[in-house]
$ cat start_4.cif   # mmCIF, C-alpha atoms
data_start
#
loop_
_atom_site.label_atom_id
_atom_site.label_comp_id
_atom_site.auth_asym_id
_atom_site.auth_seq_id
_atom_site.Cartn_x
_atom_site.Cartn_y
_atom_site.Cartn_z
CA MET A 1 -47.77 -37.23 41.73
CA LEU A 2 -46.51 -40.74 41.04
CA TYR A 3 -49.90 -42.10 42.07
CA TYR A 4 -51.59 -40.20 39.23
CA LEU A 5 -48.87 -41.12 36.74
CA PHE A 6 -49.08 -44.85 37.42
CA ASP A 7 -52.86 -44.72 37.62
CA TRP A 8 -52.87 -43.26 34.10
CA LEU A 9 -50.33 -45.85 32.87
CA ASP A 10 -52.47 -48.63 34.34
CA ARG A 11 -55.69 -47.39 32.71
CA ALA A 12 -54.22 -46.32 29.37
CA PHE A 13 -51.64 -49.02 28.71
CA ASP A 14 -52.27 -51.73 31.30
CA PHE A 15 -48.68 -51.06 32.37
CA PRO A 16 -47.30 -54.08 34.32
CA GLY A 17 -47.07 -53.42 38.05
CA ALA A 18 -48.67 -49.97 37.85
CA GLY A 19 -51.72 -51.18 39.79
CA VAL A 20 -49.65 -51.61 42.95
CA PHE A 21 -49.87 -47.84 43.44
CA GLN A 22 -53.56 -48.29 44.26
CA TYR A 23 -52.59 -49.88 47.58
CA ILE A 24 -52.09 -47.53 50.50
CA SER A 25 -49.77 -50.01 52.20
CA PHE A 26 -47.37 -49.97 49.24
CA ARG A 27 -47.36 -46.19 48.92
CA ALA A 28 -46.94 -45.76 52.68
CA ALA A 29 -43.92 -48.08 52.67
CA MET A 30 -42.41 -46.22 49.69
CA SER A 31 -43.06 -42.91 51.42
CA ALA A 32 -41.19 -44.03 54.54
CA ILE A 33 -38.28 -45.42 52.53
CA THR A 34 -38.02 -42.29 50.36
CA SER A 35 -38.11 -40.03 53.40
CA LEU A 36 -35.39 -42.01 55.13
CA ILE A 37 -33.23 -42.00 51.99
CA ILE A 38 -33.59 -38.22 51.64
CA MET A 39 -32.39 -37.74 55.20
CA LEU A 40 -29.46 -40.13 54.90
CA LEU A 41 -28.32 -38.81 51.49
CA PHE A 42 -28.61 -35.12 52.22
CA GLY A 43 -27.85 -35.08 55.95
CA LYS A 44 -24.06 -34.78 55.64
CA PRO A 45 -24.12 -32.26 52.74
CA PHE A 46 -26.65 -30.19 54.71
CA ILE A 47 -24.39 -30.22 57.78
CA ARG A 48 -21.39 -29.13 55.68
CA PHE A 49 -23.43 -26.34 54.10
CA ILE A 50 -24.61 -25.09 57.49
CA ARG A 51 -21.04 -25.15 58.81
CA ARG A 52 -19.78 -23.12 55.84
CA LYS A 53 -22.48 -20.54 56.50
CA SER A 54 -21.55 -20.53 60.21
CA ILE A 55 -25.14 -21.31 61.18
CA GLY A 56 -24.45 -22.79 64.58
CA GLU A 57 -26.32 -23.22 67.83
CA THR A 58 -25.93 -20.50 70.45
CA VAL A 59 -26.02 -22.22 73.82
CA ARG A 60 -27.14 -20.49 77.02
CA ASN A 61 -25.08 -21.31 80.10
CA LEU A 62 -27.38 -23.48 82.20
CA GLY A 63 -24.61 -25.23 84.09
CA LEU A 64 -25.29 -28.59 82.47
CA ASP A 65 -22.65 -31.25 81.85
CA GLY A 66 -21.34 -31.14 78.26
CA GLN A 67 -23.38 -28.06 77.41
CA LYS A 68 -20.57 -25.87 76.10
CA GLU A 69 -19.45 -28.60 73.67
CA LYS A 70 -22.72 -28.07 71.81
CA GLU A 71 -21.83 -24.47 70.98
CA GLY A 72 -21.64 -23.99 67.21
CA THR A 73 -23.37 -27.30 66.34
CA PRO A 74 -25.21 -26.83 62.99
CA THR A 75 -28.85 -25.98 63.56
CA MET A 76 -32.03 -25.42 61.51
CA GLY A 77 -32.01 -29.10 60.54
CA GLY A 78 -35.76 -28.88 60.73
CA LEU A 79 -35.66 -27.63 57.14
CA LEU A 80 -34.35 -31.03 56.09
CA ILE A 81 -36.99 -32.81 58.17
CA LEU A 82 -39.77 -30.81 56.53
CA ALA A 83 -38.39 -31.53 53.06
CA ALA A 84 -38.21 -35.25 53.88
CA ILE A 85 -41.87 -35.18 54.90
CA ILE A 86 -43.27 -33.03 52.09
CA ILE A 87 -41.45 -34.55 49.09
CA PRO A 88 -42.53 -38.21 49.66
CA THR A 89 -46.07 -37.04 50.42
CA LEU A 90 -46.22 -35.12 47.13
CA LEU A 91 -44.84 -38.16 45.30
CA PHE A 92 -46.99 -40.94 46.75
CA ALA A 93 -50.18 -39.48 48.28
CA LYS A 94 -53.44 -38.53 46.60
CA LEU A 95 -53.19 -34.76 46.50
CA ASP A 96 -56.94 -34.25 46.09
CA ASN A 97 -57.49 -35.74 49.56
CA VAL A 98 -58.59 -33.03 52.00
CA TYR A 99 -56.78 -34.67 54.90
CA VAL A 100 -53.47 -34.77 53.03
CA VAL A 101 -53.84 -31.13 52.01
CA ALA A 102 -54.54 -30.18 55.63
CA MET A 103 -51.37 -31.93 56.81
CA LEU A 104 -49.23 -30.32 54.11
CA VAL A 105 -50.56 -26.88 55.06
CA THR A 106 -49.87 -27.66 58.74
CA THR A 107 -46.29 -28.70 57.97
CA VAL A 108 -45.52 -25.60 55.91
CA TRP A 109 -47.32 -23.17 58.25
CA LEU A 110 -45.55 -24.27 61.44
CA GLY A 111 -42.30 -24.73 59.55
CA ILE A 112 -42.42 -21.05 58.57
CA ILE A 113 -43.09 -19.94 62.15
CA GLY A 114 -40.22 -22.07 63.44
CA PHE A 115 -37.92 -20.85 60.66
CA VAL A 116 -38.57 -17.20 61.53
CA ASP A 117 -37.78 -17.99 65.16
CA ASP A 118 -34.52 -19.73 64.22
CA TYR A 119 -33.60 -16.95 61.78
CA ILE A 120 -33.89 -14.33 64.52
CA LYS A 121 -31.80 -16.46 66.90
CA VAL A 122 -29.09 -17.37 64.41
CA PHE A 123 -28.76 -14.40 62.08
CA ARG A 124 -29.94 -11.58 64.34
CA ARG A 125 -28.06 -13.06 67.32
CA ASN A 126 -31.16 -12.64 69.48
CA LYS A 127 -31.37 -15.59 71.86
CA GLU A 128 -35.03 -14.90 72.60
CA GLY A 129 -36.03 -15.52 68.98
CA LEU A 130 -39.55 -14.81 67.80
CA PRO A 131 -41.67 -13.35 70.63
CA GLY A 132 -43.88 -16.01 72.19
CA LYS A 133 -47.10 -14.15 71.41
CA PHE A 134 -46.42 -14.46 67.67
CA LYS A 135 -45.78 -18.20 67.98
CA VAL A 136 -48.99 -18.64 69.93
CA PHE A 137 -50.89 -16.54 67.41
CA GLY A 138 -49.67 -18.82 64.60
CA GLN A 139 -50.64 -21.94 66.54
CA VAL A 140 -54.06 -20.52 67.42
CA ALA A 141 -54.67 -19.58 63.78
CA LEU A 142 -53.80 -23.14 62.72
CA GLY A 143 -56.06 -24.66 65.39
CA LEU A 144 -58.87 -22.35 64.33
CA GLY A 145 -58.49 -23.40 60.68
CA VAL A 146 -58.38 -27.12 61.49
CA GLY A 147 -61.35 -26.88 63.84
CA LEU A 148 -63.46 -25.05 61.25
CA LEU A 149 -62.41 -27.53 58.56
CA LEU A 150 -63.51 -30.54 60.60
CA ALA A 151 -66.71 -28.89 61.75
CA PHE A 152 -67.90 -27.54 58.40
CA HIS A 153 -66.20 -29.25 55.43
CA PRO A 154 -69.05 -30.98 53.55
CA SER A 155 -67.32 -34.34 53.20
CA ILE A 156 -66.00 -34.66 56.77
CA ALA A 157 -68.12 -32.32 58.94
CA SER A 158 -68.55 -33.77 62.42
CA THR A 159 -67.94 -32.82 66.04
CA LYS A 160 -67.60 -36.41 67.18
CA THR A 161 -64.42 -38.08 68.31
CA THR A 162 -63.22 -41.39 69.75
CA ILE A 163 -63.08 -41.75 73.50
CA PRO A 164 -60.64 -44.38 74.82
CA PHE A 165 -61.27 -47.07 77.44
CA PHE A 166 -65.10 -46.96 77.17
CA LYS A 167 -67.49 -49.13 75.16
CA GLY A 168 -69.51 -46.16 73.96
CA ASN A 169 -66.47 -45.05 72.04
CA GLU A 170 -68.03 -42.10 70.20
CA PHE A 171 -68.09 -38.81 72.03
CA ASP A 172 -69.88 -35.75 70.68
CA TYR A 173 -68.65 -32.39 71.93
CA ALA A 174 -72.28 -31.28 71.87
CA TRP A 175 -72.60 -33.08 75.22
CA LEU A 176 -70.44 -30.41 76.87
CA ILE A 177 -73.08 -27.76 76.18
CA SER A 178 -76.15 -29.99 76.32
CA TRP A 179 -77.43 -27.78 79.15
CA MET A 180 -78.14 -25.17 76.44
CA GLY A 181 -80.92 -27.36 75.06
CA ASP A 182 -81.70 -26.94 71.37
CA TRP A 183 -79.06 -24.23 71.08
CA ALA A 184 -76.34 -26.83 71.68
CA LEU A 185 -76.56 -28.02 68.08
CA ASP A 186 -75.96 -24.50 66.80
CA TYR A 187 -72.92 -23.77 68.96
CA THR A 188 -71.13 -27.11 69.22
CA TRP A 189 -68.70 -25.98 66.54
CA VAL A 190 -67.47 -23.23 68.88
CA VAL A 191 -66.55 -25.81 71.52
CA TYR A 192 -64.91 -28.01 68.90
CA VAL A 193 -62.82 -25.14 67.53
CA LEU A 194 -61.67 -24.22 71.04
CA VAL A 195 -60.62 -27.83 71.65
CA ALA A 196 -58.69 -27.86 68.35
CA ILE A 197 -56.91 -24.62 69.26
CA PHE A 198 -55.97 -25.98 72.69
CA VAL A 199 -54.69 -29.30 71.29
CA VAL A 200 -52.56 -27.69 68.57
CA THR A 201 -51.08 -25.05 70.88
CA ALA A 202 -50.43 -27.43 73.77
CA VAL A 203 -48.82 -30.26 71.79
CA SER A 204 -46.75 -27.98 69.56
CA ASN A 205 -45.29 -26.12 72.55
CA ALA A 206 -44.77 -29.35 74.51
CA ALA A 207 -42.77 -30.85 71.64
CA ASN A 208 -40.73 -27.66 71.55
CA LEU A 209 -39.95 -28.02 75.27
CA THR A 210 -38.92 -31.65 74.78
CA ASP A 211 -36.26 -30.64 72.24
CA GLY A 212 -33.60 -30.03 74.88
CA ILE A 213 -31.08 -32.88 74.66
CA ASP A 214 -29.65 -34.89 71.79
CA GLY A 215 -32.16 -37.23 70.18
CA LEU A 216 -35.00 -36.78 72.67
CA ALA A 217 -37.53 -34.87 70.56
CA THR A 218 -36.76 -36.92 67.46
CA SER A 219 -37.04 -40.34 69.09
CA THR A 220 -40.28 -39.56 70.91
CA ALA A 221 -41.81 -38.03 67.75
CA SER A 222 -40.96 -41.10 65.66
CA ILE A 223 -42.57 -43.41 68.24
CA ILE A 224 -45.73 -41.29 68.38
CA GLY A 225 -45.79 -41.13 64.57
CA GLY A 226 -45.61 -44.91 64.31
CA ALA A 227 -48.61 -45.31 66.63
CA LEU A 228 -50.57 -42.67 64.69
CA ALA A 229 -49.82 -44.49 61.45
CA ILE A 230 -51.44 -47.66 62.83
CA LEU A 231 -54.44 -45.73 64.14
CA ALA A 232 -54.94 -43.92 60.82
CA TRP A 233 -54.75 -47.13 58.80
CA LEU A 234 -57.23 -48.90 61.10
CA SER A 235 -59.65 -45.96 61.03
CA GLY A 236 -59.56 -45.88 57.23
CA ASN A 237 -60.06 -49.61 56.76
CA ILE A 238 -63.77 -50.40 56.98
CA ILE A 239 -63.21 -54.06 57.87
CA MET A 240 -60.81 -53.32 60.73
CA ALA A 241 -62.88 -50.34 61.92
CA ASN A 242 -65.99 -52.53 62.16
CA TYR A 243 -64.06 -55.32 63.87
CA LEU A 244 -62.60 -52.95 66.48
CA ASN A 245 -65.86 -51.00 66.76
CA ILE A 246 -64.16 -47.66 66.10
CA VAL A 247 -65.28 -44.75 63.93
CA TYR A 248 -64.71 -45.51 60.25
CA LEU A 249 -63.45 -42.43 58.39
CA SER A 250 -63.66 -42.63 54.64
CA ASP A 251 -60.43 -41.57 52.87
CA ILE A 252 -58.55 -41.11 56.17
CA GLY A 253 -56.31 -44.07 55.32
CA GLU A 254 -54.51 -41.83 52.81
CA LEU A 255 -52.94 -40.05 55.77
CA THR A 256 -50.89 -43.20 56.37
CA VAL A 257 -48.75 -42.12 53.41
CA PHE A 258 -48.06 -38.79 55.11
CA ILE A 259 -47.36 -40.10 58.59
CA THR A 260 -44.96 -42.80 57.38
CA ALA A 261 -42.97 -40.03 55.70
CA PHE A 262 -43.00 -38.29 59.09
CA VAL A 263 -41.63 -41.43 60.77
CA GLY A 264 -38.97 -41.87 58.08
CA ALA A 265 -37.90 -38.23 58.41
CA THR A 266 -37.61 -38.34 62.20
CA LEU A 267 -35.72 -41.64 62.18
CA GLY A 268 -33.41 -40.33 59.46
CA PHE A 269 -32.76 -37.17 61.43
CA LEU A 270 -32.06 -39.28 64.52
CA TRP A 271 -29.09 -40.74 62.58
CA PHE A 272 -27.41 -37.34 62.89
CA ASN A 273 -29.05 -36.17 66.11
CA THR A 274 -28.04 -38.97 68.48
CA TYR A 275 -25.49 -38.09 71.14
CA PRO A 276 -23.21 -36.30 70.41
CA ALA A 277 -25.49 -34.51 67.93
CA GLU A 278 -24.02 -33.46 64.58
CA MET A 279 -27.07 -31.30 63.89
CA PHE A 280 -30.00 -29.74 65.74
CA MET A 281 -33.49 -29.30 64.32
CA GLY A 282 -34.17 -25.93 65.90
CA ASP A 283 -37.68 -24.56 66.28
CA THR A 284 -38.14 -25.10 62.53
CA GLY A 285 -38.42 -28.78 63.35
CA SER A 286 -39.71 -29.00 66.91
CA LEU A 287 -42.68 -26.64 66.50
CA ALA A 288 -43.67 -28.40 63.28
CA LEU A 289 -43.33 -31.93 64.72
CA GLY A 290 -45.60 -31.14 67.65
CA GLY A 291 -48.15 -29.38 65.46
CA ILE A 292 -48.18 -32.25 62.96
CA ILE A 293 -48.90 -34.74 65.75
CA ALA A 294 -51.70 -32.57 67.14
CA VAL A 295 -53.44 -31.90 63.81
CA PHE A 296 -53.03 -35.52 62.71
CA ALA A 297 -54.71 -36.74 65.90
CA LEU A 298 -57.56 -34.29 65.38
CA LEU A 299 -58.07 -35.42 61.78
CA ILE A 300 -58.27 -39.10 62.71
CA ARG A 301 -60.52 -38.22 65.69
CA LYS A 302 -58.10 -39.56 68.29
CA GLU A 303 -57.16 -36.34 70.08
CA LEU A 304 -58.46 -37.69 73.41
CA LEU A 305 -55.73 -40.36 73.21
CA LEU A 306 -52.98 -37.72 73.14
CA PRO A 307 -52.56 -37.47 76.94
CA VAL A 308 -51.57 -41.15 76.87
CA LEU A 309 -49.77 -41.32 73.53
CA CYS A 310 -47.91 -38.05 74.15
CA GLY A 311 -47.33 -38.78 77.83
CA ILE A 312 -43.70 -37.67 77.55
CA TYR A 313 -44.82 -34.29 76.23
CA VAL A 314 -47.43 -33.98 78.98
CA VAL A 315 -44.92 -34.68 81.74
CA GLU A 316 -42.37 -32.29 80.24
CA ASP A 317 -45.01 -29.57 80.00
CA LEU A 318 -46.29 -30.17 83.53
CA SER A 319 -42.76 -30.11 84.92
CA VAL A 320 -42.32 -26.55 83.64
CA ILE A 321 -45.69 -25.50 85.06
CA TRP A 322 -44.91 -27.13 88.41
CA GLN A 323 -41.48 -25.50 88.57
CA THR A 324 -42.88 -22.06 87.72
CA TRP A 325 -45.74 -22.34 90.21
CA GLY A 326 -43.50 -23.71 92.97
CA CYS A 327 -40.94 -20.91 92.60
CA LYS A 328 -43.66 -18.24 92.56
CA TRP A 329 -45.22 -19.70 95.70
CA TYR A 330 -41.84 -19.73 97.49
CA ARG A 331 -41.16 -16.12 96.45
CA ARG A 332 -44.49 -14.94 97.82
CA LYS A 333 -44.17 -16.91 101.04
CA HIS A 334 -40.64 -15.72 101.81
CA LYS A 335 -41.02 -12.28 100.20
CA LEU A 336 -37.88 -12.58 98.11
CA PRO A 337 -36.73 -9.34 96.45
CA ILE A 338 -37.03 -9.06 92.67
CA GLY A 339 -34.05 -10.65 90.94
CA GLN A 340 -33.07 -12.95 93.79
CA PRO A 341 -33.32 -16.58 92.63
CA VAL A 342 -35.09 -19.26 94.59
CA PRO A 343 -32.55 -21.59 96.29
CA VAL A 344 -32.08 -24.75 94.25
CA ASP A 345 -32.97 -27.03 97.16
CA LYS A 346 -36.28 -25.17 97.58
CA ARG A 347 -37.41 -25.62 93.98
CA PRO A 348 -39.76 -28.46 92.99
CA LEU A 349 -37.15 -29.65 90.48
CA LEU A 350 -33.44 -29.00 90.13
CA MET A 351 -34.23 -27.61 86.68
CA SER A 352 -37.09 -27.79 84.21
CA PRO A 353 -38.11 -29.27 81.80
CA LEU A 354 -37.86 -32.70 83.40
CA HIS A 355 -34.98 -33.99 81.24
CA HIS A 356 -32.75 -31.18 82.59
CA HIS A 357 -33.70 -32.22 86.15
CA TYR A 358 -32.26 -35.66 85.46
CA GLN A 359 -29.16 -34.09 83.92
CA LYS A 360 -28.64 -32.11 87.12
CA GLN A 361 -28.92 -35.37 89.05
CA GLY A 362 -25.94 -36.68 87.09
CA PHE A 363 -27.62 -38.86 84.44
CA LYS A 364 -25.94 -38.76 81.03
CA GLU A 365 -27.92 -37.64 77.98
CA PRO A 366 -27.97 -41.04 76.20
CA LYS A 367 -29.41 -42.77 79.28
CA ILE A 368 -32.14 -40.14 79.70
CA VAL A 369 -33.10 -40.34 76.02
CA GLN A 370 -33.15 -44.14 75.96
CA ARG A 371 -35.31 -44.36 79.08
CA PHE A 372 -37.70 -41.71 77.81
CA ALA A 373 -37.92 -43.62 74.52
CA ILE A 374 -38.72 -46.86 76.36
CA VAL A 375 -41.52 -45.10 78.24
CA GLY A 376 -42.70 -43.61 74.93
CA ILE A 377 -42.88 -47.07 73.34
CA LEU A 378 -44.87 -48.36 76.32
CA LEU A 379 -47.31 -45.46 76.04
CA ALA A 380 -47.69 -46.05 72.29
CA ILE A 381 -48.52 -49.72 72.90
CA ILE A 382 -51.06 -48.78 75.57
CA SER A 383 -52.66 -46.26 73.19
CA ILE A 384 -53.13 -48.90 70.52
CA VAL A 385 -54.33 -51.50 73.01
CA THR A 386 -57.09 -49.10 74.12
CA LEU A 387 -58.86 -50.04 70.89
CA LYS A 388 -59.63 -53.40 72.51
CA LEU A 389 -59.74 -52.34 76.18
CA ARG A 390 -63.35 -51.18 76.17
#
$ encode --input "start_4.cif" --output "structure tokens"
Amino acid sequence: MLYYLFDWLDRAFDFPGAGVFQYISFRAAMSAITSLIIMLLFGKPFIRFIRRKSIGETVRNLGLDGQKEKEGTPTMGGLLILAAIIIPTLLFAKLDNVYVVAMLVTTVWLGIIGFVDDYIKVFRRNKEGLPGKFKVFGQVALGLGVGLLLAFHPSIASTKTTIPFFKGNEFDYAWLISWMGDWALDYTWVVYVLVAIFVVTAVSNAANLTDGIDGLATSTASIIGGALAILAWLSGNIIMANYLNIVYLSDIGELTVFITAFVGATLGFLWFNTYPAEMFMGDTGSLALGGIIAVFALLIRKELLLPVLCGIYVVEDLSVIWQTWGCKWYRRKHKLPIGQPVPVDKRPLLMSPLHHHYQKQGFKEPKIVQRFAIVGILLAIISIVTLKLR
């Protein structure tokens, strides 16, 4: 909104300094600062409000050190995160930009799904929350919408993406069905939509799994967001895109304003979410953060970088799959009766996701989070360096 106001002041009155709003770098910086200020100003009042309403975390007994102390910690802080992302974006971004609109819809859509889940857990006292099939349906619907947008919107329609580590850095999903001959051109959009659905569902759920100890989901999300901000700015700058030989995407640079608000919001929330956490984000935040990362990567055509950039999410997700598969295999092999747990020393991990495995080994939460964050920073650097490693 401020962009349009200062643009009008600049054109109508030659208002001093109004022209600075034409620069994405300035608006992105202001977006990050505003987001961070919102979190720091309203964090404590939000925590007090949640405490008065007795909206606290219900903790399952998993036998983890310090777990019971978390009981009653204010939750649903994801509402504050979403506000700190949406408000700066509305203030500083160009709202007629299709990419910005797509990210705002993504934020609100997944925020609603996460809120319903938290509402059921907190107010209905149902620890299971929203049934998983409804969450997946919401994620699939979002992936379907994003895939169709990118495949058919007249100004951005394309089924090409950037492939890391190789000189021929453009990859067209049509190649996957090239065996169909001329029909491949007609049905490539189907493949692209399926990829979009998979990316959105996988990353959103993986981020949700990572939100298990104080500060872990927030710190990893802020690191990933910072890397995505650089990638978006480079992809939207024709000079840098040509220099790096990457796909130039007209108007994609505007997304930098959104993603810097994302980084500011996650860093601001980390102020209150570091160990011992004063507030939890709940599924309102974690589902939305993962979905935002997934859709953002799809929009800037860097989804094939996600296995590297979101390596923490990948490992967390795989640890759950490995644990589940390993326990099922042991049950079948030893014909355990229904209800009898697999002995701890026979499981692939002491507990999943992976961060709980390290807790069971005796590592304290701050050490786990800091080490995961260091790995996340390394992965972010590698992801950016891939632009030159071709």
$ atom_distance --input "start_4.cif" --atom1 "atom CA of Ile230 of chain A" --atom2 "atom CA of Gly253 of chain A"
9.6 Å
$ closest_residue --input "start_4.cif" --among "A:Ser219, A:Thr161, A:Asn169, A:Thr274" --to "Ile300 of chain A" --atoms "all atoms listed in the file"
A:Thr161
$ residues_around --input "start_4.cif" --residues "segment 39-49 of chain A" --least-positions-apart "2" --cutoff "12 Å" --atoms "only C-alpha atoms" --output "number ranges by chain"
A: 32-37, 51-56, 72-85, 87-88, 261-273, 277-281
$ resolve_selection --input "start_4.cif" --expression "the PyMOL selection byres ((chain A and resi 173) around 7)" --output "list in words"
Thr159, Lys160, Phe171, Asp172, Ala174, Trp175, Leu176, Thr188, Val191 and Tyr192 of chain A
$ resolve_selection --input "start_4.cif" --expression "the PyMOL selection byres ((chain A and resi 27) around 10)" --output "list of chain:residue names"
A:Leu2, A:Tyr3, A:Val20, A:Phe21, A:Gln22, A:Tyr23, A:Ile24, A:Ser25, A:Phe26, A:Ala28, A:Ala29, A:Met30, A:Ser31, A:Ala32, A:Ile33, A:Pro88, A:Thr89, A:Leu91, A:Phe92, A:Ala93, A:Glu254, A:Thr256, A:Val257, A:Phe258, A:Thr260
$ write_last_selection --input "start_4.cif" --atoms "C-alpha atoms" --output "short mmCIF file (atom, residue, chain, number, x, y, z; two decimals), in the frame of the given file"
data_model
loop_
_atom_site.label_atom_id
_atom_site.label_comp_id
_atom_site.auth_asym_id
_atom_site.auth_seq_id
_atom_site.Cartn_x
_atom_site.Cartn_y
_atom_site.Cartn_z
CA LEU A 2 -46.51 -40.74 41.04
CA TYR A 3 -49.90 -42.10 42.07
CA VAL A 20 -49.65 -51.61 42.95
CA PHE A 21 -49.87 -47.84 43.44
CA GLN A 22 -53.56 -48.29 44.26
CA TYR A 23 -52.59 -49.88 47.58
CA ILE A 24 -52.09 -47.53 50.50
CA SER A 25 -49.77 -50.01 52.20
CA PHE A 26 -47.37 -49.97 49.24
CA ALA A 28 -46.94 -45.76 52.68
CA ALA A 29 -43.92 -48.08 52.67
CA MET A 30 -42.41 -46.22 49.69
CA SER A 31 -43.06 -42.91 51.42
CA ALA A 32 -41.19 -44.03 54.54
CA ILE A 33 -38.28 -45.42 52.53
CA PRO A 88 -42.53 -38.21 49.66
CA THR A 89 -46.07 -37.04 50.42
CA LEU A 91 -44.84 -38.16 45.30
CA PHE A 92 -46.99 -40.94 46.75
CA ALA A 93 -50.18 -39.48 48.28
CA GLU A 254 -54.51 -41.83 52.81
CA THR A 256 -50.89 -43.20 56.37
CA VAL A 257 -48.75 -42.12 53.41
CA PHE A 258 -48.06 -38.79 55.11
CA THR A 260 -44.96 -42.80 57.38
#
$ residues_around --input "start_4.cif" --residues "Ile156 of chain A" --least-positions-apart "2" --cutoff "10 Å" --atoms "only C-alpha atoms" --output "JSON, numbers by chain"
{"A": [98, 99, 149, 150, 151, 152, 153, 154, 158, 159, 249, 250, 251, 252, 299]}
$ closest_residue --input "start_4.cif" --among "A:Phe165, A:Phe134, A:Phe15, A:Tyr248" --to "Leu304 of chain A" --atoms "all atoms listed in the file"
A:Phe165
$ closest_residue --input "start_4.cif" --among "A:Pro348, A:Gly311, A:Pro343, A:Pro276" --to "Ile223 of chain A" --atoms "only C-alpha atoms"
A:Gly311
$ atom_distance --input "start_4.cif" --atom1 "atom CA of Thr210 of chain A" --atom2 "atom CA of Arg371 of chain A"
13.9 Å
$ residues_near_point --input "start_4.cif" --point "(-38.5, -17.0, 96.8)" --cutoff "12 Å" --atoms "all atoms listed in the file" --output "list in words"
Thr324, Trp325, Gly326, Cys327, Lys328, Trp329, Tyr330, Arg331, Arg332, Lys333, His334, Lys335, Leu336, Pro337, Ile338, Gly339, Gln340, Pro341, Val342, Pro343, Val344, Asp345, Lys346 and Arg347 of chain A
$ axis_aligned_box --input "start_4.cif" --around "segment 274-284 of chain A" --padding-each-side "4 Å" --output "JSON"
{"center_x": -30.7, "center_y": -31.8, "center_z": 66.8, "size_x": 22.9, "size_y": 22.4, "size_z": 16.6}
$ atom_distance --input "start_4.cif" --atom1 "atom CA of Val200 of chain A" --atom2 "atom CA of Thr107 of chain A"
12.4 Å
